[in-house]
>>> print(open('input31.cif').read())   # mmCIF, C-alpha atoms
data_work
#
loop_
_atom_site.label_atom_id
_atom_site.label_comp_id
_atom_site.auth_asym_id
_atom_site.auth_seq_id
_atom_site.Cartn_x
_atom_site.Cartn_y
_atom_site.Cartn_z
CA MET U 50 0.00 0.00 0.00
CA SER U 51 1.94 3.03 -1.24
CA GLU U 52 -0.68 5.78 -1.53
CA ILE U 53 -2.72 7.45 1.20
CA LEU U 54 -6.38 6.56 0.77
CA PRO U 55 -9.03 9.18 1.51
CA ALA U 56 -11.32 8.16 4.37
CA ALA U 57 -14.26 7.35 2.08
CA ALA U 58 -12.13 5.07 -0.09
CA ALA U 59 -10.63 3.38 2.97
CA LEU U 60 -14.12 2.77 4.37
CA GLN U 61 -15.23 1.26 1.07
CA ARG U 62 -12.19 -1.03 1.05
CA LEU U 63 -13.06 -2.27 4.54
CA GLN U 64 -16.67 -2.88 3.53
CA GLU U 65 -15.62 -4.80 0.44
CA GLY U 66 -13.18 -6.88 2.48
CA ASN U 67 -15.84 -7.73 5.05
CA ARG U 68 -18.19 -8.72 2.23
CA ARG U 69 -15.57 -11.15 0.91
CA PHE U 70 -15.10 -12.55 4.42
CA VAL U 71 -18.83 -13.10 4.92
CA GLU U 72 -19.16 -14.74 1.50
CA GLY U 73 -16.17 -16.99 2.16
CA ALA U 74 -14.26 -15.45 -0.73
CA GLY U 75 -11.44 -13.92 1.32
CA GLY U 76 -7.96 -15.15 2.16
CA ASP U 77 -6.08 -13.74 -0.82
CA ALA U 78 -2.94 -15.77 -1.51
CA ARG U 79 -0.92 -12.54 -1.56
CA HIS U 80 -1.28 -12.40 2.20
CA SER U 81 -0.44 -15.99 3.10
CA GLY U 82 2.96 -16.88 4.49
CA PRO U 83 5.79 -14.55 5.55
CA PRO U 84 6.50 -11.38 3.55
CA ASP U 85 9.39 -11.26 1.10
CA LYS U 86 12.48 -9.27 2.10
CA ALA U 87 11.75 -6.41 -0.29
CA SER U 88 8.24 -5.74 1.02
CA ALA U 89 9.27 -6.24 4.65
CA SER U 90 11.87 -3.49 4.37
CA GLN U 91 9.38 -0.91 3.06
CA PRO U 92 7.82 1.61 5.49
CA GLN U 93 4.33 0.68 6.57
CA LYS U 94 1.38 2.56 5.09
CA PRO U 95 -1.79 1.26 6.77
CA PHE U 96 -4.91 2.62 5.09
CA ALA U 97 -7.08 2.34 8.23
CA ILE U 98 -6.73 2.34 12.01
CA ILE U 99 -8.84 -0.21 13.87
CA LEU U 100 -9.44 0.25 17.60
CA GLY U 101 -11.05 -3.05 18.48
CA CYS U 102 -11.72 -5.44 21.33
CA SER U 103 -9.15 -7.99 22.49
CA ASP U 104 -11.71 -10.79 21.97
CA SER U 105 -9.95 -13.62 20.13
CA ARG U 106 -12.97 -14.07 17.85
CA VAL U 107 -12.57 -10.63 16.25
CA PRO U 108 -9.22 -10.44 14.40
CA ALA U 109 -9.50 -7.28 12.31
CA GLU U 110 -7.27 -8.41 9.43
CA ILE U 111 -9.41 -11.51 8.91
CA VAL U 112 -12.78 -9.84 9.46
CA PHE U 113 -11.90 -7.20 6.84
CA ASP U 114 -9.91 -9.60 4.63
CA GLN U 115 -6.76 -7.48 4.65
CA GLY U 116 -3.11 -8.41 4.52
CA LEU U 117 0.15 -7.57 6.25
CA GLY U 118 0.69 -3.83 6.56
CA ASP U 119 -2.86 -2.86 5.56
CA LEU U 120 -4.28 -2.08 9.00
CA PHE U 121 -2.93 -0.39 12.13
CA VAL U 122 -4.69 -2.42 14.83
CA ILE U 123 -5.11 -1.42 18.49
CA ARG U 124 -6.83 -3.99 20.70
CA VAL U 125 -8.09 -3.64 24.26
CA ALA U 126 -10.91 -5.34 26.16
CA GLY U 127 -14.19 -3.60 25.45
CA ASN U 128 -12.57 -1.35 22.80
CA VAL U 129 -12.33 1.27 25.54
CA VAL U 130 -10.38 4.49 25.14
CA ALA U 131 -7.51 5.32 27.49
CA PRO U 132 -4.53 7.65 26.88
CA SER U 133 -2.43 4.89 25.32
CA GLN U 134 -5.14 4.16 22.74
CA VAL U 135 -5.50 7.86 21.91
CA ASP U 136 -1.73 8.14 21.52
CA SER U 137 -1.69 5.14 19.19
CA VAL U 138 -4.43 6.58 16.97
CA GLU U 139 -2.67 9.93 16.79
CA PHE U 140 0.65 8.22 16.06
CA ALA U 141 -0.77 6.30 13.09
CA ALA U 142 -2.65 9.29 11.73
CA SER U 143 0.30 11.66 11.98
CA GLN U 144 3.14 9.31 11.07
CA PHE U 145 1.49 7.32 8.27
CA GLY U 146 -1.15 9.76 7.06
CA THR U 147 -3.92 7.25 7.75
CA ARG U 148 -7.24 9.02 7.19
CA LEU U 149 -9.73 6.58 8.70
CA ALA U 150 -10.06 5.26 12.26
CA VAL U 151 -12.71 2.69 13.13
CA VAL U 152 -13.83 1.83 16.66
CA LEU U 153 -14.95 -1.79 16.28
CA GLY U 154 -17.23 -3.31 18.90
CA HIS U 155 -18.86 -6.72 18.61
CA SER U 156 -21.81 -8.79 19.73
CA GLN U 157 -21.52 -10.90 22.90
CA CYS U 158 -18.72 -8.64 24.15
CA GLY U 159 -17.50 -9.97 27.48
CA ALA U 160 -16.54 -6.52 28.74
CA ILE U 161 -20.02 -5.19 28.01
CA LEU U 162 -21.75 -8.17 29.63
CA ALA U 163 -19.46 -7.86 32.66
CA THR U 164 -20.32 -4.18 32.97
CA ILE U 165 -24.05 -4.89 32.80
CA ASP U 166 -23.58 -7.52 35.52
CA GLU U 167 -21.47 -5.19 37.66
CA VAL U 168 -24.02 -2.36 37.41
CA ARG U 169 -26.70 -4.71 38.67
CA ARG U 170 -24.64 -5.98 41.59
CA ASP U 171 -24.66 -4.56 45.08
CA GLU U 172 -21.65 -2.27 45.55
CA SER U 173 -20.08 -4.68 48.06
CA GLN U 174 -20.18 -7.55 45.53
CA ARG U 175 -18.43 -5.76 42.68
CA SER U 176 -15.11 -7.15 41.50
CA PRO U 177 -12.05 -4.89 41.95
CA ASN U 178 -10.24 -6.83 39.21
CA LEU U 179 -12.74 -5.72 36.56
CA ARG U 180 -12.86 -2.11 37.69
CA SER U 181 -10.35 -0.61 35.24
CA ILE U 182 -12.31 -1.83 32.21
CA VAL U 183 -15.80 -1.60 33.71
CA ASP U 184 -15.31 1.98 34.88
CA ARG U 185 -14.55 3.06 31.31
CA VAL U 186 -17.57 1.21 29.88
CA ARG U 187 -20.00 2.11 32.67
CA PRO U 188 -20.89 5.71 31.63
CA ALA U 189 -22.26 4.49 28.29
CA VAL U 190 -23.95 1.36 29.62
CA GLU U 191 -25.34 2.23 33.04
CA PRO U 192 -28.16 4.54 31.81
CA LEU U 193 -29.42 1.74 29.56
CA VAL U 194 -29.40 -0.79 32.41
CA ARG U 195 -31.21 1.61 34.76
CA ALA U 196 -33.88 2.40 32.16
CA GLN U 197 -34.28 -1.03 30.57
CA GLN U 198 -37.90 -1.46 31.76
CA GLY U 199 -38.17 -5.14 30.88
CA MET U 200 -36.04 -4.93 27.75
CA ALA U 201 -34.92 -8.34 26.45
CA GLU U 202 -31.36 -9.22 27.45
CA ASP U 203 -30.18 -9.59 23.84
CA GLU U 204 -31.57 -6.18 22.94
CA LEU U 205 -30.01 -4.60 26.03
CA ALA U 206 -26.62 -6.13 25.19
CA GLN U 207 -26.74 -4.90 21.59
CA GLN U 208 -27.76 -1.40 22.61
CA ALA U 209 -25.00 -1.38 25.22
CA VAL U 210 -22.37 -2.47 22.67
CA ARG U 211 -23.41 0.30 20.29
CA ALA U 212 -23.59 2.92 23.04
CA ASN U 213 -20.09 1.97 24.12
CA VAL U 214 -18.79 2.19 20.54
CA ARG U 215 -20.30 5.65 20.09
CA ALA U 216 -18.84 6.80 23.41
CA SER U 217 -15.41 5.53 22.34
CA VAL U 218 -15.69 7.33 19.01
CA ALA U 219 -16.43 10.59 20.84
CA GLN U 220 -13.52 10.00 23.21
CA VAL U 221 -11.09 9.36 20.35
CA LYS U 222 -12.23 12.50 18.52
CA SER U 223 -11.63 14.66 21.60
CA GLY U 224 -8.73 12.65 22.99
CA SER U 225 -5.91 15.01 22.05
CA ARG U 226 -5.32 18.36 20.42
CA GLY U 227 -3.59 16.60 17.53
CA ILE U 228 -6.58 14.37 16.79
CA GLU U 229 -9.02 17.25 17.23
CA ALA U 230 -7.05 19.27 14.67
CA LEU U 231 -6.96 16.36 12.21
CA VAL U 232 -10.72 15.78 12.56
CA ARG U 233 -11.48 19.49 12.08
CA SER U 234 -9.29 19.71 8.98
CA GLY U 235 -10.68 16.53 7.42
CA GLY U 236 -7.38 14.73 7.84
CA LEU U 237 -8.98 12.01 9.97
CA GLN U 238 -12.45 10.50 10.07
CA VAL U 239 -13.43 8.46 13.13
CA VAL U 240 -16.38 6.07 12.79
CA GLY U 241 -17.99 3.35 14.85
CA ALA U 242 -18.84 -0.19 13.78
CA GLU U 243 -20.23 -3.40 15.23
CA TYR U 244 -19.12 -6.91 14.25
CA CYS U 245 -21.71 -9.67 14.57
CA LEU U 246 -20.13 -12.92 15.77
CA GLU U 247 -23.08 -14.90 14.47
CA THR U 248 -23.04 -13.64 10.87
CA GLY U 249 -19.57 -12.15 10.37
CA VAL U 250 -21.12 -8.89 9.16
CA VAL U 251 -19.65 -5.54 10.18
CA THR U 252 -22.27 -2.79 10.46
CA PHE U 253 -20.98 0.78 10.37
CA LEU U 254 -22.95 2.97 12.76
CA GLU U 255 -24.52 6.28 11.91
CA ASP U 256 -23.52 9.21 14.13
CA ARG U 257 -26.25 10.30 16.50
#
>>> encode(input="input31.cif", output="structure tokens")
Amino acid sequence: MSEILPAAAALQRLQEGNRRFVEGAGGDARHSGPPDKASASQPQKPFAIILGCSDSRVPAEIVFDQGLGDLFVIRVAGNVVAPSQVDSVEFAASQFGTRLAVVLGHSQCGAILATIDEVRRDESQRSPNLRSIVDRVRPAVEPLVRAQQGMAEDELAQQAVRANVRASVAQVKSGSRGIEALVRSGGLQVVGAEYCLETGVVTFLEDR
């Protein structure tokens, strides 16, 4: 990948790759096996940044049917945003000229389900080991849990995943002066998406 793709073209490339993955037409032979010495020595030029969950069922390169060097991938449980994730996004955008960043959540996310469970627990029963992740997810999820009013668990989980993705998108956009400047100038577009474990489909979310 030698040229810098505009955000719209990068998004289209991701969508096309996911379509190949869902249809079972992915796995281009160009990307199998180790790289040759010539390509390995070239500077990387990822066309998209993916801030995704650490869940082992959601490998971004496979889900989007991309090869070595195509994506700059940041993974953390619950695709939450902390300073190190913001720094990584800014690094890729400024150093490589990458114009698109995608916050990728997914169905059946363990961090989201754990947060829902923790919100429902009595304060004394909450796990201190989950606190660092849960506390970052909680602001987006807790209002949904409190107001669920008999909502089905599957629907609550999906709404919570999407609310968390949107919150992470907002946090990335405002995470540093460098990113804010890139977003304002059109040098970086930050979007949210949800991967469905059951179907393999990635749905890009509309801003609300």
>>> closest_residue(input="input31.cif", among="U:Val152, U:Val183, U:Leu60, U:Val71", to="Asp114 of chain U", atoms="all atoms listed in the file")
U:Val71
>>> residues_near_point(input="input31.cif", point="(-21.3, -10.9, 21.9)", cutoff="10 Å", atoms="all atoms listed in the file", output="PyMOL selection string")
chain U and resi 104+106+154-162+203+206-207+210+244-247
>>> write_last_selection(input="input31.cif", atoms="C-alpha atoms", output="PDB file, keeping the file's coordinate frame")
ATOM      1  CA  ASP U 104     -11.710 -10.790  21.970  1.00  0.00           C
ATOM      2  CA  ARG U 106     -12.970 -14.070  17.850  1.00  0.00           C
ATOM      3  CA  GLY U 154     -17.230  -3.310  18.900  1.00  0.00           C
ATOM      4  CA  HIS U 155     -18.860  -6.720  18.610  1.00  0.00           C
ATOM      5  CA  SER U 156     -21.810  -8.790  19.730  1.00  0.00           C
ATOM      6  CA  GLN U 157     -21.520 -10.900  22.900  1.00  0.00           C
ATOM      7  CA  CYS U 158     -18.720  -8.640  24.150  1.00  0.00           C
ATOM      8  CA  GLY U 159     -17.500  -9.970  27.480  1.00  0.00           C
ATOM      9  CA  ALA U 160     -16.540  -6.520  28.740  1.00  0.00           C
ATOM     10  CA  ILE U 161     -20.020  -5.190  28.010  1.00  0.00           C
ATOM     11  CA  LEU U 162     -21.750  -8.170  29.630  1.00  0.00           C
ATOM     12  CA  ASP U 203     -30.180  -9.590  23.840  1.00  0.00           C
ATOM     13  CA  ALA U 206     -26.620  -6.130  25.190  1.00  0.00           C
ATOM     14  CA  GLN U 207     -26.740  -4.900  21.590  1.00  0.00           C
ATOM     15  CA  VAL U 210     -22.370  -2.470  22.670  1.00  0.00           C
ATOM     16  CA  TYR U 244     -19.120  -6.910  14.250  1.00  0.00           C
ATOM     17  CA  CYS U 245     -21.710  -9.670  14.570  1.00  0.00           C
ATOM     18  CA  LEU U 246     -20.130 -12.920  15.770  1.00  0.00           C
ATOM     19  CA  GLU U 247     -23.080 -14.900  14.470  1.00  0.00           C
TER      20      GLU U 247
END
>>> residues_around(input="input31.cif", residues="Ser103 of chain U", least_positions_apart="5", cutoff="12 Å", atoms="all atoms listed in the file", output="list of chain:residue names")
U:Pro108, U:Ala109, U:Val122, U:Ile123, U:Arg124, U:Val125, U:Ala126, U:Gly127, U:Asn128, U:Val129, U:Leu153, U:Gly154, U:His155, U:Cys158, U:Gly159, U:Ala160, U:Ile182
>>> write_last_selection(input="input31.cif", atoms="C-alpha atoms", output="mmCIF file, in the frame of the given file")
data_model
loop_
_atom_site.group_PDB
_atom_site.id
_atom_site.type_symbol
_atom_site.label_atom_id
_atom_site.label_comp_id
_atom_site.auth_asym_id
_atom_site.auth_seq_id
_atom_site.Cartn_x
_atom_site.Cartn_y
_atom_site.Cartn_z
ATOM 1 C CA PRO U 108 -9.220 -10.440 14.400
ATOM 2 C CA ALA U 109 -9.500 -7.280 12.310
ATOM 3 C CA VAL U 122 -4.690 -2.420 14.830
ATOM 4 C CA ILE U 123 -5.110 -1.420 18.490
ATOM 5 C CA ARG U 124 -6.830 -3.990 20.700
ATOM 6 C CA VAL U 125 -8.090 -3.640 24.260
ATOM 7 C CA ALA U 126 -10.910 -5.340 26.160
ATOM 8 C CA GLY U 127 -14.190 -3.600 25.450
ATOM 9 C CA ASN U 128 -12.570 -1.350 22.800
ATOM 10 C CA VAL U 129 -12.330 1.270 25.540
ATOM 11 C CA LEU U 153 -14.950 -1.790 16.280
ATOM 12 C CA GLY U 154 -17.230 -3.310 18.900
ATOM 13 C CA HIS U 155 -18.860 -6.720 18.610
ATOM 14 C CA CYS U 158 -18.720 -8.640 24.150
ATOM 15 C CA GLY U 159 -17.500 -9.970 27.480
ATOM 16 C CA ALA U 160 -16.540 -6.520 28.740
ATOM 17 C CA ILE U 182 -12.310 -1.830 32.210
#
>>> atom_distance(input="input31.cif", atom1="atom CA of Arg68 of chain U", atom2="atom CA of Gly116 of chain U")
15.3 Å
>>> residues_around(input="input31.cif", residues="segment 73-76 of chain U", least_positions_apart="5", cutoff="12 Å", atoms="only C-alpha atoms", output="list in words")
Glu65, Gly66, Asn67, Arg68, Ser81, Gly82, Glu110, Ile111, Val112, Phe113, Asp114, Gln115, Gly116, Leu117, Thr248, Gly249 and Val250 of chain U
>>> resolve_selection(input="input31.cif", expression="the PyMOL selection byres ((chain U and resi 221) around 9)", output="PDB file with C-alpha atoms, keeping the file's coordinate frame")
ATOM      1  CA  VAL U 130     -10.380   4.490  25.140  1.00  0.00           C
ATOM      2  CA  ALA U 131      -7.510   5.320  27.490  1.00  0.00           C
ATOM      3  CA  GLN U 134      -5.140   4.160  22.740  1.00  0.00           C
ATOM      4  CA  VAL U 135      -5.500   7.860  21.910  1.00  0.00           C
ATOM      5  CA  VAL U 138      -4.430   6.580  16.970  1.00  0.00           C
ATOM      6  CA  VAL U 152     -13.830   1.830  16.660  1.00  0.00           C
ATOM      7  CA  ALA U 216     -18.840   6.800  23.410  1.00  0.00           C
ATOM      8  CA  SER U 217     -15.410   5.530  22.340  1.00  0.00           C
ATOM      9  CA  VAL U 218     -15.690   7.330  19.010  1.00  0.00           C
ATOM     10  CA  ALA U 219     -16.430  10.590  20.840  1.00  0.00           C
ATOM     11  CA  GLN U 220     -13.520  10.000  23.210  1.00  0.00           C
ATOM     12  CA  LYS U 222     -12.230  12.500  18.520  1.00  0.00           C
ATOM     13  CA  SER U 223     -11.630  14.660  21.600  1.00  0.00           C
ATOM     14  CA  GLY U 224      -8.730  12.650  22.990  1.00  0.00           C
ATOM     15  CA  SER U 225      -5.910  15.010  22.050  1.00  0.00           C
ATOM     16  CA  ILE U 228      -6.580  14.370  16.790  1.00  0.00           C
ATOM     17  CA  GLU U 229      -9.020  17.250  17.230  1.00  0.00           C
ATOM     18  CA  VAL U 239     -13.430   8.460  13.130  1.00  0.00           C
TER      19      VAL U 239
END
>>> closest_residue(input="input31.cif", among="U:Ser181, U:Ser133, U:Gln197, U:Gln93", to="Phe121 of chain U", atoms="all atoms listed in the file")
U:Gln93
>>> atom_distance(input="input31.cif", atom1="atom CA of Val194 of chain U", atom2="atom CA of Ile99 of chain U")
27.7 Å
>>> residues_around(input="input31.cif", residues="Phe96 of chain U", least_positions_apart="4", cutoff="9 Å", atoms="only C-alpha atoms", output="VMD selection string")
chain U and resid 50 52 to 56 59 118 to 121 145 to 149
>>> closest_residue(input="input31.cif", among="U:Gly235, U:Ile165, U:Arg211, U:Ile98", to="Leu63 of chain U", atoms="all atoms listed in the file")
U:Ile98
>>> atom_distance(input="input31.cif", atom1="atom CA of Ser105 of chain U", atom2="atom CA of Ser143 of chain U")
28.5 Å
>>> decode(input="input31.cif", residues="segment 96-210 of chain U", atoms="C-alpha atoms", output="PDB file, in the first residue's frame")
ATOM      1  CA  PHE U  96      -4.906   2.622   5.094  1.00  0.00           C
ATOM      2  CA  ALA U  97      -7.078   2.335   8.229  1.00  0.00           C
ATOM      3  CA  ILE U  98      -6.727   2.342  12.005  1.00  0.00           C
ATOM      4  CA  ILE U  99      -8.843  -0.207  13.865  1.00  0.00           C
ATOM      5  CA  LEU U 100      -9.439   0.252  17.602  1.00  0.00           C
ATOM      6  CA  GLY U 101     -11.052  -3.049  18.479  1.00  0.00           C
ATOM      7  CA  CYS U 102     -11.720  -5.441  21.328  1.00  0.00           C
ATOM      8  CA  SER U 103      -9.149  -7.987  22.492  1.00  0.00           C
ATOM      9  CA  ASP U 104     -11.706 -10.785  21.973  1.00  0.00           C
ATOM     10  CA  SER U 105      -9.947 -13.618  20.133  1.00  0.00           C
ATOM     11  CA  ARG U 106     -12.971 -14.069  17.849  1.00  0.00           C
ATOM     12  CA  VAL U 107     -12.574 -10.632  16.247  1.00  0.00           C
ATOM     13  CA  PRO U 108      -9.221 -10.436  14.403  1.00  0.00           C
ATOM     14  CA  ALA U 109      -9.498  -7.275  12.314  1.00  0.00           C
ATOM     15  CA  GLU U 110      -7.271  -8.409   9.434  1.00  0.00           C
ATOM     16  CA  ILE U 111      -9.408 -11.510   8.907  1.00  0.00           C
ATOM     17  CA  VAL U 112     -12.782  -9.836   9.458  1.00  0.00           C
ATOM     18  CA  PHE U 113     -11.903  -7.200   6.839  1.00  0.00           C
ATOM     19  CA  ASP U 114      -9.907  -9.600   4.626  1.00  0.00           C
ATOM     20  CA  GLN U 115      -6.763  -7.476   4.646  1.00  0.00           C
ATOM     21  CA  GLY U 116      -3.107  -8.406   4.524  1.00  0.00           C
ATOM     22  CA  LEU U 117       0.147  -7.571   6.247  1.00  0.00           C
ATOM     23  CA  GLY U 118       0.688  -3.831   6.561  1.00  0.00           C
ATOM     24  CA  ASP U 119      -2.855  -2.856   5.556  1.00  0.00           C
ATOM     25  CA  LEU U 120      -4.279  -2.076   8.996  1.00  0.00           C
ATOM     26  CA  PHE U 121      -2.929  -0.393  12.126  1.00  0.00           C
ATOM     27  CA  VAL U 122      -4.686  -2.419  14.834  1.00  0.00           C
ATOM     28  CA  ILE U 123      -5.106  -1.422  18.490  1.00  0.00           C
ATOM     29  CA  ARG U 124      -6.832  -3.990  20.702  1.00  0.00           C
ATOM     30  CA  VAL U 125      -8.093  -3.639  24.259  1.00  0.00           C
ATOM     31  CA  ALA U 126     -10.910  -5.342  26.161  1.00  0.00           C
ATOM     32  CA  GLY U 127     -14.194  -3.595  25.447  1.00  0.00           C
ATOM     33  CA  ASN U 128     -12.570  -1.355  22.801  1.00  0.00           C
ATOM     34  CA  VAL U 129     -12.331   1.272  25.537  1.00  0.00           C
ATOM     35  CA  VAL U 130     -10.381   4.485  25.136  1.00  0.00           C
ATOM     36  CA  ALA U 131      -7.512   5.317  27.485  1.00  0.00           C
ATOM     37  CA  PRO U 132      -4.530   7.646  26.883  1.00  0.00           C
ATOM     38  CA  SER U 133      -2.430   4.885  25.325  1.00  0.00           C
ATOM     39  CA  GLN U 134      -5.144   4.159  22.743  1.00  0.00           C
ATOM     40  CA  VAL U 135      -5.504   7.857  21.912  1.00  0.00           C
ATOM     41  CA  ASP U 136      -1.732   8.143  21.523  1.00  0.00           C
ATOM     42  CA  SER U 137      -1.694   5.141  19.189  1.00  0.00           C
ATOM     43  CA  VAL U 138      -4.428   6.580  16.974  1.00  0.00           C
ATOM     44  CA  GLU U 139      -2.665   9.934  16.786  1.00  0.00           C
ATOM     45  CA  PHE U 140       0.652   8.215  16.059  1.00  0.00           C
ATOM     46  CA  ALA U 141      -0.767   6.302  13.089  1.00  0.00           C
ATOM     47  CA  ALA U 142      -2.653   9.292  11.728  1.00  0.00           C
ATOM     48  CA  SER U 143       0.299  11.659  11.984  1.00  0.00           C
ATOM     49  CA  GLN U 144       3.139   9.306  11.074  1.00  0.00           C
ATOM     50  CA  PHE U 145       1.492   7.325   8.271  1.00  0.00           C
ATOM     51  CA  GLY U 146      -1.148   9.762   7.056  1.00  0.00           C
ATOM     52  CA  THR U 147      -3.919   7.252   7.746  1.00  0.00           C
ATOM     53  CA  ARG U 148      -7.238   9.024   7.189  1.00  0.00           C
ATOM     54  CA  LEU U 149      -9.730   6.581   8.705  1.00  0.00           C
ATOM     55  CA  ALA U 150     -10.059   5.264  12.261  1.00  0.00           C
ATOM     56  CA  VAL U 151     -12.714   2.686  13.128  1.00  0.00           C
ATOM     57  CA  VAL U 152     -13.833   1.831  16.658  1.00  0.00           C
ATOM     58  CA  LEU U 153     -14.946  -1.791  16.279  1.00  0.00           C
ATOM     59  CA  GLY U 154     -17.228  -3.315  18.895  1.00  0.00           C
ATOM     60  CA  HIS U 155     -18.863  -6.718  18.609  1.00  0.00           C
ATOM     61  CA  SER U 156     -21.814  -8.792  19.734  1.00  0.00           C
ATOM     62  CA  GLN U 157     -21.525 -10.896  22.896  1.00  0.00           C
ATOM     63  CA  CYS U 158     -18.718  -8.642  24.147  1.00  0.00           C
ATOM     64  CA  GLY U 159     -17.502  -9.974  27.477  1.00  0.00           C
ATOM     65  CA  ALA U 160     -16.536  -6.522  28.744  1.00  0.00           C
ATOM     66  CA  ILE U 161     -20.019  -5.193  28.011  1.00  0.00           C
ATOM     67  CA  LEU U 162     -21.746  -8.168  29.627  1.00  0.00           C
ATOM     68  CA  ALA U 163     -19.463  -7.864  32.662  1.00  0.00           C
ATOM     69  CA  THR U 164     -20.322  -4.178  32.968  1.00  0.00           C
ATOM     70  CA  ILE U 165     -24.052  -4.895  32.803  1.00  0.00           C
ATOM     71  CA  ASP U 166     -23.578  -7.517  35.520  1.00  0.00           C
ATOM     72  CA  GLU U 167     -21.475  -5.188  37.663  1.00  0.00           C
ATOM     73  CA  VAL U 168     -24.015  -2.363  37.407  1.00  0.00           C
ATOM     74  CA  ARG U 169     -26.704  -4.713  38.673  1.00  0.00           C
ATOM     75  CA  ARG U 170     -24.639  -5.977  41.589  1.00  0.00           C
ATOM     76  CA  ASP U 171     -24.661  -4.558  45.078  1.00  0.00           C
ATOM     77  CA  GLU U 172     -21.651  -2.275  45.553  1.00  0.00           C
ATOM     78  CA  SER U 173     -20.083  -4.685  48.059  1.00  0.00           C
ATOM     79  CA  GLN U 174     -20.178  -7.545  45.529  1.00  0.00           C
ATOM     80  CA  ARG U 175     -18.434  -5.761  42.678  1.00  0.00           C
ATOM     81  CA  SER U 176     -15.109  -7.151  41.503  1.00  0.00           C
ATOM     82  CA  PRO U 177     -12.052  -4.887  41.949  1.00  0.00           C
ATOM     83  CA  ASN U 178     -10.242  -6.834  39.213  1.00  0.00           C
ATOM     84  CA  LEU U 179     -12.738  -5.722  36.563  1.00  0.00           C
ATOM     85  CA  ARG U 180     -12.865  -2.108  37.690  1.00  0.00           C
ATOM     86  CA  SER U 181     -10.348  -0.605  35.242  1.00  0.00           C
ATOM     87  CA  ILE U 182     -12.314  -1.828  32.206  1.00  0.00           C
ATOM     88  CA  VAL U 183     -15.796  -1.603  33.707  1.00  0.00           C
ATOM     89  CA  ASP U 184     -15.311   1.979  34.883  1.00  0.00           C
ATOM     90  CA  ARG U 185     -14.554   3.057  31.312  1.00  0.00           C
ATOM     91  CA  VAL U 186     -17.568   1.209  29.883  1.00  0.00           C
ATOM     92  CA  ARG U 187     -20.003   2.109  32.673  1.00  0.00           C
ATOM     93  CA  PRO U 188     -20.889   5.708  31.631  1.00  0.00           C
ATOM     94  CA  ALA U 189     -22.262   4.493  28.295  1.00  0.00           C
ATOM     95  CA  VAL U 190     -23.953   1.358  29.618  1.00  0.00           C
ATOM     96  CA  GLU U 191     -25.344   2.225  33.042  1.00  0.00           C
ATOM     97  CA  PRO U 192     -28.159   4.535  31.812  1.00  0.00           C
ATOM     98  CA  LEU U 193     -29.420   1.736  29.558  1.00  0.00           C
ATOM     99  CA  VAL U 194     -29.404  -0.786  32.409  1.00  0.00           C
ATOM    100  CA  ARG U 195     -31.210   1.607  34.758  1.00  0.00           C
ATOM    101  CA  ALA U 196     -33.877   2.399  32.164  1.00  0.00           C
ATOM    102  CA  GLN U 197     -34.278  -1.033  30.575  1.00  0.00           C
ATOM    103  CA  GLN U 198     -37.899  -1.458  31.759  1.00  0.00           C
ATOM    104  CA  GLY U 199     -38.174  -5.138  30.882  1.00  0.00           C
ATOM    105  CA  MET U 200     -36.035  -4.930  27.752  1.00  0.00           C
ATOM    106  CA  ALA U 201     -34.920  -8.335  26.446  1.00  0.00           C
ATOM    107  CA  GLU U 202     -31.359  -9.218  27.451  1.00  0.00           C
ATOM    108  CA  ASP U 203     -30.183  -9.586  23.839  1.00  0.00           C
ATOM    109  CA  GLU U 204     -31.566  -6.179  22.944  1.00  0.00           C
ATOM    110  CA  LEU U 205     -30.007  -4.599  26.026  1.00  0.00           C
ATOM    111  CA  ALA U 206     -26.618  -6.134  25.194  1.00  0.00           C
ATOM    112  CA  GLN U 207     -26.737  -4.899  21.589  1.00  0.00           C
ATOM    113  CA  GLN U 208     -27.758  -1.396  22.607  1.00  0.00           C
ATOM    114  CA  ALA U 209     -24.998  -1.383  25.225  1.00  0.00           C
ATOM    115  CA  VAL U 210     -22.371  -2.475  22.665  1.00  0.00           C
TER     116      VAL U 210
END
